Structure formats: structure tokens, C-alpha cells
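Reproduced below: data_36.cif, with mmCIF, C-alpha atoms and all ligand atoms.
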```cif
data_target
loop_
_atom_site.group_PDB
_atom_site.id
_atom_site.type_symbol
_atom_site.label_atom_id
_atom_site.label_comp_id
_atom_site.auth_asym_id
_atom_site.auth_seq_id
_atom_site.Cartn_x
_atom_site.Cartn_y
_atom_site.Cartn_z
ATOM 1 C CA MET A 1 -16.693 -10.313 1.717
ATOM 2 C CA THR A 2 -15.788 -7.014 0.093
ATOM 3 C CA VAL A 3 -13.454 -4.918 2.196
ATOM 4 C CA ILE A 4 -12.737 -2.033 -0.166
ATOM 5 C CA GLU A 5 -15.259 -0.682 -2.634
ATOM 6 C CA LEU A 6 -14.446 2.340 -4.769
ATOM 7 C CA ASN A 7 -16.976 3.592 -7.248
ATOM 8 C CA GLY A 8 -16.324 6.344 -9.759
ATOM 9 C CA LEU A 9 -13.748 8.020 -7.520
ATOM 10 C CA THR A 10 -12.571 11.410 -8.793
ATOM 11 C CA LYS A 11 -9.915 13.767 -7.498
ATOM 12 C CA SER A 12 -8.354 16.887 -8.969
ATOM 13 C CA TYR A 13 -5.349 18.862 -7.817
ATOM 14 C CA ARG A 14 -6.276 22.349 -9.040
ATOM 15 C CA ALA A 15 -6.721 21.967 -12.794
ATOM 16 C CA HIS A 16 -5.146 18.519 -12.959
ATOM 17 C CA GLN A 17 -7.486 15.559 -12.774
ATOM 18 C CA ALA A 18 -5.555 12.814 -11.000
ATOM 19 C CA LEU A 19 -8.484 10.386 -10.679
ATOM 20 C CA ALA A 20 -11.057 10.311 -13.446
ATOM 21 C CA GLY A 21 -13.474 7.738 -12.029
ATOM 22 C CA VAL A 22 -11.740 4.830 -10.336
ATOM 23 C CA THR A 23 -13.913 1.792 -9.681
ATOM 24 C CA LEU A 24 -12.544 -1.289 -7.986
ATOM 25 C CA SER A 25 -13.282 -3.719 -5.214
ATOM 26 C CA VAL A 26 -11.026 -5.757 -2.999
ATOM 27 C CA GLY A 27 -12.112 -8.823 -1.057
ATOM 28 C CA ARG A 28 -11.110 -9.773 2.473
ATOM 29 C CA GLY A 29 -7.780 -11.576 2.631
ATOM 30 C CA GLU A 30 -6.703 -10.643 -0.872
ATOM 31 C CA ILE A 31 -3.354 -9.269 -1.894
ATOM 32 C CA PHE A 32 -4.492 -6.679 -4.393
ATOM 33 C CA GLY A 33 -1.881 -5.067 -6.627
ATOM 34 C CA ILE A 34 -2.043 -1.599 -8.131
ATOM 35 C CA LEU A 35 0.228 -1.107 -11.116
ATOM 36 C CA GLY A 36 0.582 1.761 -13.538
ATOM 37 C CA PRO A 37 2.889 4.436 -14.926
ATOM 38 C CA ASN A 38 4.314 7.305 -12.867
ATOM 39 C CA GLY A 39 1.633 9.879 -12.259
ATOM 40 C CA ALA A 40 -1.230 7.480 -13.058
ATOM 41 C CA GLY A 41 -2.961 8.131 -9.735
ATOM 42 C CA LYS A 42 -1.937 5.095 -7.663
ATOM 43 C CA THR A 43 -0.817 6.989 -4.570
ATOM 44 C CA THR A 44 -3.892 9.210 -4.784
ATOM 45 C CA VAL A 45 -6.116 6.102 -4.734
ATOM 46 C CA VAL A 46 -4.277 4.786 -1.672
ATOM 47 C CA GLU A 47 -4.520 8.135 0.102
ATOM 48 C CA CYS A 48 -8.253 8.433 -0.578
ATOM 49 C CA ALA A 49 -9.023 4.848 0.431
ATOM 50 C CA SER A 50 -7.048 5.103 3.650
ATOM 51 C CA GLY A 51 -8.761 8.309 4.720
ATOM 52 C CA LEU A 52 -5.711 10.534 4.296
ATOM 53 C CA ARG A 53 -7.071 12.480 1.328
ATOM 54 C CA ARG A 54 -10.585 13.549 0.471
ATOM 55 C CA PRO A 55 -11.794 12.586 -2.988
ATOM 56 C CA ASP A 56 -13.958 15.077 -4.914
ATOM 57 C CA GLY A 57 -16.585 12.627 -6.070
ATOM 58 C CA GLY A 58 -17.679 9.027 -6.255
ATOM 59 C CA THR A 59 -18.414 6.657 -3.420
ATOM 60 C CA LEU A 60 -16.064 4.638 -1.273
ATOM 61 C CA ARG A 61 -16.374 2.168 1.539
ATOM 62 C CA VAL A 62 -13.529 0.599 3.455
ATOM 63 C CA LEU A 63 -14.507 -2.059 6.008
ATOM 64 C CA GLY A 64 -18.033 -0.832 5.394
ATOM 65 C CA LEU A 65 -17.151 2.722 6.461
ATOM 66 C CA ASP A 66 -16.929 5.902 4.409
ATOM 67 C CA PRO A 67 -13.434 7.311 5.036
ATOM 68 C CA ARG A 68 -14.859 10.805 4.563
ATOM 69 C CA GLU A 69 -17.144 10.419 7.567
ATOM 70 C CA ARG A 70 -15.540 7.757 9.723
ATOM 71 C CA ARG A 71 -11.902 8.664 9.333
ATOM 72 C CA ARG A 72 -10.851 8.319 12.970
ATOM 73 C CA GLU A 73 -12.500 4.951 13.349
ATOM 74 C CA LEU A 74 -10.992 3.737 10.107
ATOM 75 C CA LEU A 75 -7.477 4.898 10.953
ATOM 76 C CA GLN A 76 -7.622 2.518 13.945
ATOM 77 C CA ARG A 77 -8.283 -0.398 11.599
ATOM 78 C CA VAL A 78 -6.102 0.302 8.568
ATOM 79 C CA GLY A 79 -2.350 0.611 8.223
ATOM 80 C CA VAL A 80 -0.613 2.753 5.628
ATOM 81 C CA GLN A 81 2.926 2.826 4.369
ATOM 82 C CA LEU A 82 3.254 5.922 2.243
ATOM 83 C CA GLN A 83 5.626 6.337 -0.642
ATOM 84 C CA GLU A 84 7.015 9.573 0.709
ATOM 85 C CA ALA A 85 7.148 9.353 4.453
ATOM 86 C CA ALA A 86 9.551 10.880 6.928
ATOM 87 C CA LEU A 87 10.160 10.982 10.655
ATOM 88 C CA PRO A 88 12.208 13.376 12.770
ATOM 89 C CA ASP A 89 15.899 12.524 12.298
ATOM 90 C CA ALA A 90 16.536 12.260 16.032
ATOM 91 C CA LEU A 91 13.769 9.711 16.669
ATOM 92 C CA LYS A 92 15.130 6.238 17.374
ATOM 93 C CA VAL A 93 13.690 3.113 15.754
ATOM 94 C CA GLY A 94 12.388 1.661 19.021
ATOM 95 C CA GLU A 95 10.902 5.018 20.049
ATOM 96 C CA ALA A 96 9.108 5.368 16.735
ATOM 97 C CA LEU A 97 7.515 1.933 17.054
ATOM 98 C CA ARG A 98 6.512 2.494 20.673
ATOM 99 C CA MET A 99 5.099 5.923 19.869
ATOM 100 C CA TYR A 100 3.062 4.667 16.906
ATOM 101 C CA ALA A 101 1.778 1.730 18.964
ATOM 102 C CA SER A 102 0.491 4.202 21.556
ATOM 103 C CA LEU A 103 -1.783 5.782 18.921
ATOM 104 C CA TYR A 104 -3.905 2.644 18.622
ATOM 105 C CA ASP A 105 -6.546 1.227 20.922
ATOM 106 C CA ARG A 106 -5.438 -2.345 20.231
ATOM 107 C CA PRO A 107 -1.880 -2.254 18.916
ATOM 108 C CA ALA A 108 0.213 -5.202 17.838
ATOM 109 C CA ASP A 109 3.202 -6.146 19.993
ATOM 110 C CA TRP A 110 5.705 -3.603 18.671
ATOM 111 C CA ARG A 111 8.694 -5.474 20.057
ATOM 112 C CA ALA A 112 7.669 -8.628 18.189
ATOM 113 C CA LEU A 113 7.161 -6.589 15.028
ATOM 114 C CA MET A 114 10.600 -5.025 15.464
ATOM 115 C CA ALA A 115 12.121 -8.508 15.627
ATOM 116 C CA GLU A 116 10.039 -9.830 12.734
ATOM 117 C CA TRP A 117 11.280 -7.067 10.434
ATOM 118 C CA GLY A 118 14.893 -7.506 11.531
ATOM 119 C CA LEU A 119 14.917 -4.126 13.234
ATOM 120 C CA ASP A 120 15.946 -5.101 16.743
ATOM 121 C CA GLY A 121 19.610 -4.504 15.957
ATOM 122 C CA LYS A 122 18.636 -0.945 14.973
ATOM 123 C CA ARG A 123 16.478 -0.253 17.985
ATOM 124 C CA ARG A 124 18.684 2.597 19.240
ATOM 125 C CA THR A 125 19.579 3.948 15.803
ATOM 126 C CA ARG A 126 18.240 7.391 14.973
ATOM 127 C CA PHE A 127 15.939 7.603 11.945
ATOM 128 C CA GLY A 128 18.305 10.099 10.315
ATOM 129 C CA ALA A 129 21.151 7.579 10.476
ATOM 130 C CA LEU A 130 19.257 4.726 8.781
ATOM 131 C CA SER A 131 19.975 3.832 5.168
ATOM 132 C CA GLY A 132 17.100 4.066 2.683
ATOM 133 C CA GLY A 133 16.270 0.365 2.850
ATOM 134 C CA TRP A 134 16.205 0.330 6.657
ATOM 135 C CA LYS A 135 13.921 3.353 6.665
ATOM 136 C CA GLN A 136 11.677 1.435 4.318
ATOM 137 C CA ARG A 137 11.591 -1.570 6.643
ATOM 138 C CA LEU A 138 10.760 0.699 9.552
ATOM 139 C CA PHE A 139 7.857 2.212 7.602
ATOM 140 C CA ILE A 140 6.484 -1.237 6.802
ATOM 141 C CA ALA A 141 6.673 -2.165 10.490
ATOM 142 C CA LEU A 142 4.985 1.129 11.431
ATOM 143 C CA ALA A 143 2.158 0.384 8.984
ATOM 144 C CA LEU A 144 1.544 -2.867 10.856
ATOM 145 C CA VAL A 145 1.872 -1.636 14.422
ATOM 146 C CA GLY A 146 -1.869 -0.997 14.766
ATOM 147 C CA ASP A 147 -2.560 -4.660 13.939
ATOM 148 C CA PRO A 148 -4.604 -3.522 10.916
ATOM 149 C CA GLU A 149 -7.350 -5.417 9.090
ATOM 150 C CA VAL A 150 -6.398 -3.657 5.867
ATOM 151 C CA VAL A 151 -2.932 -2.496 4.988
ATOM 152 C CA PHE A 152 -1.928 -0.188 2.158
ATOM 153 C CA LEU A 153 1.679 -0.470 1.056
ATOM 154 C CA ASP A 154 2.795 2.116 -1.477
ATOM 155 C CA GLU A 155 5.938 0.890 -3.218
ATOM 156 C CA LEU A 156 6.525 -1.793 -0.643
ATOM 157 C CA THR A 157 9.962 -3.029 -1.588
ATOM 158 C CA THR A 158 11.496 -0.040 -3.364
ATOM 159 C CA GLY A 159 15.006 0.306 -1.951
ATOM 160 C CA LEU A 160 15.121 -3.095 -0.264
ATOM 161 C CA ASP A 161 18.018 -5.439 -0.935
ATOM 162 C CA PRO A 162 17.135 -8.742 -2.685
ATOM 163 C CA SER A 163 17.064 -10.829 0.461
ATOM 164 C CA ALA A 164 14.963 -8.273 2.337
ATOM 165 C CA ARG A 165 12.557 -8.278 -0.624
ATOM 166 C CA ARG A 166 12.139 -12.039 -0.454
ATOM 167 C CA THR A 167 11.685 -11.932 3.319
ATOM 168 C CA THR A 168 9.120 -9.176 2.875
ATOM 169 C CA TRP A 169 7.168 -11.212 0.325
ATOM 170 C CA GLY A 170 6.983 -14.075 2.806
ATOM 171 C CA LEU A 171 5.777 -11.787 5.592
ATOM 172 C CA ILE A 172 3.115 -10.285 3.295
ATOM 173 C CA ARG A 173 1.846 -13.763 2.430
ATOM 174 C CA ASP A 174 1.720 -14.650 6.131
ATOM 175 C CA MET A 175 -0.394 -11.548 6.742
ATOM 176 C CA ARG A 176 -2.764 -12.493 3.943
ATOM 177 C CA ASP A 177 -3.045 -16.001 5.363
ATOM 178 C CA ARG A 178 -4.099 -14.475 8.689
ATOM 179 C CA GLY A 179 -6.952 -12.726 6.868
ATOM 180 C CA VAL A 180 -5.402 -9.274 6.516
ATOM 181 C CA THR A 181 -6.290 -7.519 3.265
ATOM 182 C CA VAL A 182 -3.242 -6.092 1.530
ATOM 183 C CA VAL A 183 -3.248 -3.376 -1.118
ATOM 184 C CA LEU A 184 0.128 -3.181 -2.730
ATOM 185 C CA VAL A 185 1.352 -0.502 -5.124
ATOM 186 C CA THR A 186 4.391 -1.665 -7.019
ATOM 187 C CA HIS A 187 6.481 -1.023 -10.108
ATOM 188 C CA PHE A 188 8.026 -4.497 -9.900
ATOM 189 C CA MET A 189 6.277 -6.946 -12.181
ATOM 190 C CA ASP A 190 7.980 -9.967 -10.612
ATOM 191 C CA GLU A 191 6.657 -8.825 -7.254
ATOM 192 C CA ALA A 192 3.120 -8.371 -8.569
ATOM 193 C CA GLU A 193 3.226 -11.746 -10.276
ATOM 194 C CA ALA A 194 4.591 -13.523 -7.215
ATOM 195 C CA LEU A 195 2.334 -11.906 -4.631
ATOM 196 C CA CYS A 196 -0.909 -10.545 -6.006
ATOM 197 C CA ASP A 197 -4.185 -12.440 -6.141
ATOM 198 C CA ARG A 198 -5.662 -9.688 -8.323
ATOM 199 C CA ILE A 199 -4.298 -6.596 -9.987
ATOM 200 C CA ALA A 200 -5.649 -3.280 -11.242
ATOM 201 C CA VAL A 201 -3.615 -1.414 -13.838
ATOM 202 C CA ILE A 202 -4.274 2.281 -13.388
ATOM 203 C CA ASP A 203 -3.545 4.615 -16.260
ATOM 204 C CA ARG A 204 -4.367 8.328 -16.408
ATOM 205 C CA GLY A 205 -6.667 8.204 -13.439
ATOM 206 C CA ARG A 206 -8.715 5.192 -14.494
ATOM 207 C CA VAL A 207 -8.605 1.445 -14.006
ATOM 208 C CA ALA A 208 -7.514 0.354 -17.455
ATOM 209 C CA HIS A 209 -7.356 -3.381 -16.698
ATOM 210 C CA GLU A 210 -8.239 -5.629 -13.810
ATOM 211 C CA GLY A 211 -7.858 -9.328 -13.152
ATOM 212 C CA THR A 212 -5.646 -12.052 -11.781
ATOM 213 C CA PRO A 213 -2.062 -12.033 -13.085
ATOM 214 C CA GLY A 214 -3.019 -15.010 -15.275
ATOM 215 C CA GLU A 215 -6.066 -13.225 -16.677
ATOM 216 C CA LEU A 216 -4.033 -10.128 -17.528
ATOM 217 C CA VAL A 217 -1.450 -12.246 -19.324
ATOM 218 C CA ALA A 218 -4.177 -14.051 -21.270
ATOM 219 C CA ARG A 219 -6.009 -10.818 -22.133
ATOM 220 C CA SER A 220 -2.855 -9.082 -23.334
ATOM 221 C CA GLY A 221 -2.251 -11.717 -25.991
ATOM 222 C CA ALA A 222 1.434 -11.117 -25.309
ATOM 223 C CA GLY A 223 1.919 -14.430 -23.525
ATOM 224 C CA GLY A 224 4.893 -14.950 -21.281
ATOM 225 C CA THR A 225 5.258 -12.952 -18.128
ATOM 226 C CA LEU A 226 3.184 -10.293 -16.430
ATOM 227 C CA GLU A 227 5.815 -7.793 -17.538
ATOM 228 C CA ASP A 228 5.183 -8.613 -21.218
ATOM 229 C CA ALA A 229 1.443 -8.391 -20.594
ATOM 230 C CA TYR A 230 1.787 -5.057 -18.766
ATOM 231 C CA PHE A 231 3.609 -3.414 -21.653
ATOM 232 C CA ALA A 232 1.127 -4.767 -24.192
ATOM 233 C CA LEU A 233 -1.860 -3.586 -22.141
ATOM 234 C CA ILE A 234 -0.417 -0.127 -21.439
ATOM 235 C CA GLU A 235 0.423 0.367 -25.113
ATOM 236 C CA ARG A 236 -3.064 -0.703 -26.088
ATOM 237 C CA ASN A 237 -4.497 1.792 -23.653
ATOM 238 C CA ALA A 238 -2.389 4.599 -25.140
ATOM 239 C CA SER A 239 -3.701 4.054 -28.660
HETATM 240 N N1 LIG B 1 -0.352 17.156 -3.750
HETATM 241 C C1 LIG B 1 -0.431 17.242 -5.084
HETATM 242 N N2 LIG B 1 -0.580 18.460 -5.684
HETATM 243 C C2 LIG B 1 -0.678 18.570 -7.020
HETATM 244 N N3 LIG B 1 -0.648 17.519 -7.885
HETATM 245 C C3 LIG B 1 -0.495 16.313 -7.349
HETATM 246 C C4 LIG B 1 -0.372 16.109 -5.935
HETATM 247 N N4 LIG B 1 -0.236 14.770 -5.705
HETATM 248 C C5 LIG B 1 -0.261 14.182 -6.918
HETATM 249 N N5 LIG B 1 -0.420 15.101 -7.904
HETATM 250 C C6 LIG B 1 -0.530 14.796 -9.344
HETATM 251 O O1 LIG B 1 -1.586 13.852 -9.523
HETATM 252 C C7 LIG B 1 -1.216 12.852 -10.441
HETATM 253 C C8 LIG B 1 -1.277 11.484 -9.774
HETATM 254 O O2 LIG B 1 -0.283 11.429 -8.784
HETATM 255 P P1 LIG B 1 -0.017 10.129 -7.916
HETATM 256 O O3 LIG B 1 1.006 10.489 -6.918
HETATM 257 O O4 LIG B 1 -1.309 9.596 -7.426
HETATM 258 O O5 LIG B 1 0.585 9.148 -9.030
HETATM 259 P P2 LIG B 1 1.269 7.711 -8.874
HETATM 260 O O6 LIG B 1 0.528 6.806 -9.797
HETATM 261 O O7 LIG B 1 1.341 7.333 -7.453
HETATM 262 O O8 LIG B 1 2.718 7.958 -9.477
HETATM 263 P P3 LIG B 1 4.163 7.307 -9.080
HETATM 264 O O9 LIG B 1 4.236 5.992 -9.769
HETATM 265 O O10 LIG B 1 5.124 8.282 -9.658
HETATM 266 O O11 LIG B 1 4.238 7.235 -7.592
HETATM 267 C C9 LIG B 1 0.177 13.214 -10.950
HETATM 268 O O12 LIG B 1 0.023 13.922 -12.166
HETATM 269 C C10 LIG B 1 0.721 14.118 -9.869
HETATM 270 O O13 LIG B 1 1.633 15.056 -10.403
HETATM 271 MG MG MG B 2 2.877 6.969 -6.162
#
```

Could I get this file's structure written as C-alpha cells?
Ligand SMILES: Nc1ncnc2c1ncn2[C@@H]1O[C@H](COP(=O)(O)OP(=O)(O)OP(=O)(O)O)[C@@H](O)[C@H]1O
Ligand SMILES: [Mg+2]
Amino acid sequence: MTVIELNGLTKSYRAHQALAGVTLSVGRGEIFGILGPNGAGKTTVVECASGLRRPDGGTLRVLGLDPRERRRELLQRVGVQLQEAALPDALKVGEALRMYASLYDRPADWRALMAEWGLDGKRRTRFGALSGGWKQRLFIALALVGDPEVVFLDELTTGLDPSARRTTWGLIRDMRDRGVTVVLVTHFMDEAEALCDRIAVIDRGRVAHEGTPGELVARSGAGGTLEDAYFALIERNAS
């Protein structure tokens, strides 16, 4: 079953074309990776697909709904962790989770989520007093508090310490195994290789390559790791 279907998606910011026709589909229960250079359009794709930004053209369906028309309904069923998010400094961790949970018709158990992400020791800590990695963990937990069917994670583990990264990978796999569809933007090739069932490499607003990590490695002719393949494919796309 296809959960996300983007077809020829375009988006410009004034004169700058950020998306030049993005076509991709993601199946239910997949961990789908989006890779690509800075400025390639990854965050814009996530924002459009999650209903937070309106594309200029193309068609899109998420859980069978058009985010342009069914935004409210969709926001109940998807979770988003944005690359650049912030909360009021005075808001405490527990308050943030409780408040976000109240926005959903059928929220997850926020206390369980707080424990799962190791945040219970920070429950009374103000957002402004959290380190970068703890903020990141809080944002992941907040993306999951609506018990979403689809979750978009933009730069999931940026800023996390190595053990938190590994824990996070395990939790993401558990989610996938429960049937949640995960779209993951990452700059870490080891993360993409370890976690993703399929990957799209986005370059200058287009999907330049798509496939399983193994297929991308084979297609690149570079052999070795996904990182080797990524560099070979990006260079090929530039020429
Ligand atoms: N709100 C905005 N206003 C103007 N231009 C924007 C805006 N958001 C993004 N852009 C531009 O659109 C292009 C795509 O940006 P986007 O944030 O989607 O890239 P990205 O692939 O997520 O990059 P990164 O890896 O750095 O996060 C970039 O050239 C960026 O400068
Ligand atoms: Mg981005």
C-alpha cells in the first residue's frame, strides 16, 4: 500500500526554484531516506508532504489525502520533527509533551513516550535550559505524541551523542515494525545504510536517484559503502 505519493512537485521561493518536479512514492511501513546536498530541497519536500507548506504544482497524496485540501485531518495522522524547531524557553519538557498531546484526538501516552526517549529525568527542565541533543530528543518525542501513521523526521540524529543515536535507530525500527511509515532526512550515510529500506537522493530540486541502499551502491559502480556510492552518484549528477 502506497502511503505517500508525490508527482512532479514544484515549489519556488520568489525567483528560486527549490523543487523542480519531485516524484516519489513511499509504501506503508517503510523507512524511506531522503539524502542530498545542503539546499537540495529535502526540507521543502518534507514540509509540503506534511501539509506545512503549499507546493506550487504537481500532485500529492499522503494517506490518500491531498495535504492542500485535507490539512487538518492529515495533521492528526502525521508527525513531523522539523530541522529548525523551537519552543518557548520557559516551557518545561513535561508541559510541552502534555500540551502537544492535547492537540490530538487520539494521542499516544505522553508519559510513556517521555520514558521511552529517556526524558523523564528532564520532565521539569525548561526548554531553554536543555542542551542541543536533549532538545532534539524532545522534538522526536513531540513528533510521535499524536501516535502518527506517518512520521517525518528531518535530520533525526543531528546533535545526538553516539549512544542516543543507536537507541534512536532501535526505536525507529520498532516504529517501522509496528507499521508506522517513516520518512527520514539525513546527512549521515551510516544512518541511511543501517536504517533505510529505500532512499531518494535529491539534488537541485529533483530526485536524482532512488532505490534500496544496495541498489544505489550497485548502480554507482563505486562499490563499498553507501557513502562511496553517494559521492559517485552526486558527482555523476553534477556533470
Ligand atoms: N523560506 C524560504 N525562503 C526562501 N528560500 C528558501 C526558504 N526555504 C528554503 N529556501 C531555499 O530553497 C532551497 C531548498 O531548501 P531546503 O531547506 O528544502 O533544502 P535542504 O535540502 O533541506 O537543505 P539542508 O540540507 O541544508 O537542510 C534552498 O536553496 C533554500 O535556500
Ligand atoms: Mg533541510

ask   = Applied to this file, what does the PyMOL selection byres (((not hetatm)) within 10 of (chain B and resi 2)) return in terms of residues, put as a list in words?
value =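 Applying the PyMOL selection byres (((not hetatm)) within 10 of (chain B and resi 2)) to the structure shown produces Leu35, Gly36, Pro37, Asn38, Gly39, Ala40, Gly41, Lys42, Thr43, Thr44, Val45, Val46, Glu47, Leu82, Gln83, Glu84, Asp154, Glu155, Val185, Thr186 and His187 of chain A.
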
Next, dump the selected residues to file, keeping only C-alpha atoms, as a compact mmCIF listing (two decimals), keeping the file's coordinate frame.
```txt
# COMPACT_ATOMS: atom_id res chain seq x y z
CA LEU A 35 0.23 -1.11 -11.12
CA GLY A 36 0.58 1.76 -13.54
CA PRO A 37 2.89 4.44 -14.93
CA ASN A 38 4.31 7.30 -12.87
CA GLY A 39 1.63 9.88 -12.26
CA ALA A 40 -1.23 7.48 -13.06
CA GLY A 41 -2.96 8.13 -9.74
CA LYS A 42 -1.94 5.10 -7.66
CA THR A 43 -0.82 6.99 -4.57
CA THR A 44 -3.89 9.21 -4.78
CA VAL A 45 -6.12 6.10 -4.73
CA VAL A 46 -4.28 4.79 -1.67
CA GLU A 47 -4.52 8.14 0.10
CA LEU A 82 3.25 5.92 2.24
CA GLN A 83 5.63 6.34 -0.64
CA GLU A 84 7.02 9.57 0.71
CA ASP A 154 2.80 2.12 -1.48
CA GLU A 155 5.94 0.89 -3.22
CA VAL A 185 1.35 -0.50 -5.12
CA THR A 186 4.39 -1.66 -7.02
CA HIS A 187 6.48 -1.02 -10.11
```

query = With all atoms listed in the file as the basis for distance, which of A:Met175, A:Met1, A:Val22, A:Leu74 is at the shortest distance from ligand LIG 1 (chain B)?
reply = A:Val22

Which of A:Tyr100, A:Trp134, A:Tyr13, A:Phe152 sits closest to A:Phe32 [using only C-alpha atoms] =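 Nearest candidate to A:Phe32 out of A:Tyr100, A:Trp134, A:Tyr13, A:Phe152: A:Phe152.
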
request  = Could you expand the PyMOL selection byres (((chain A and resi 216) around 12) and not hetatm) into the explicit residues it covers here, written as an MDAnalysis selection string?
outcome  = chainID A and resid 35 192:193 196:201 208:215 217:234

message = Could you tell me how far atom CA of A:Leu24 sits from atom CA of A:Arg166, in Å to one decimal place?
response =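 Going from atom CA of A:Arg166 over to atom CA of A:Leu24 covers 28.0 Å.
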
Name the residues captured by the PyMOL selection byres (((chain A and resi 148) around 8) and not hetatm) when it is applied to the shown file; answer as an mmCIF file with C-alpha atoms, in the coordinates of the input.
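Printed below is out_29.cif as written:
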```cif
data_model
loop_
_atom_site.group_PDB
_atom_site.id
_atom_site.type_symbol
_atom_site.label_atom_id
_atom_site.label_comp_id
_atom_site.auth_asym_id
_atom_site.auth_seq_id
_atom_site.Cartn_x
_atom_site.Cartn_y
_atom_site.Cartn_z
ATOM 1 C CA GLN A 76 -7.622 2.518 13.945
ATOM 2 C CA ARG A 77 -8.283 -0.398 11.599
ATOM 3 C CA VAL A 78 -6.102 0.302 8.568
ATOM 4 C CA GLY A 79 -2.350 0.611 8.223
ATOM 5 C CA LEU A 144 1.544 -2.867 10.856
ATOM 6 C CA VAL A 145 1.872 -1.636 14.422
ATOM 7 C CA GLY A 146 -1.869 -0.997 14.766
ATOM 8 C CA ASP A 147 -2.560 -4.660 13.939
ATOM 9 C CA GLU A 149 -7.350 -5.417 9.090
ATOM 10 C CA VAL A 150 -6.398 -3.657 5.867
ATOM 11 C CA VAL A 151 -2.932 -2.496 4.988
ATOM 12 C CA VAL A 180 -5.402 -9.274 6.516
#
```

Selected residue, from A:Thr158, A:Ser102, A:Thr168, A:Gln136, that lies nearest to ligand LIG 1 (chain B) when counting all atoms listed in the file =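 Closest candidate: A:Thr158.
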
ask   = Skipping near chain neighbours, those fewer than 6 positions away, what residues fall within 10 Å of A:Ala20 using all atoms listed in the file, listed as a list in words?
value =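 Once the nearby chain positions are removed, what remains is Gly8, Leu9, Thr10, Lys11, Ser12, Gly41, Gly57, Gly58, Asp203, Arg204, Gly205, Arg206 and Val207 of chain A.
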
Take every atom of ligand LIG 1 (chain B) listed in the file, fit an axis-aligned box around them, add 6 Å per side, and give the centre and edge lengths in Å to one decimal as lines of an AutoDock Vina configuration file.
```
center_x = 1.8
center_y = 12.3
center_z = -8.0
size_x = 18.7
size_y = 24.6
size_z = 20.4
```
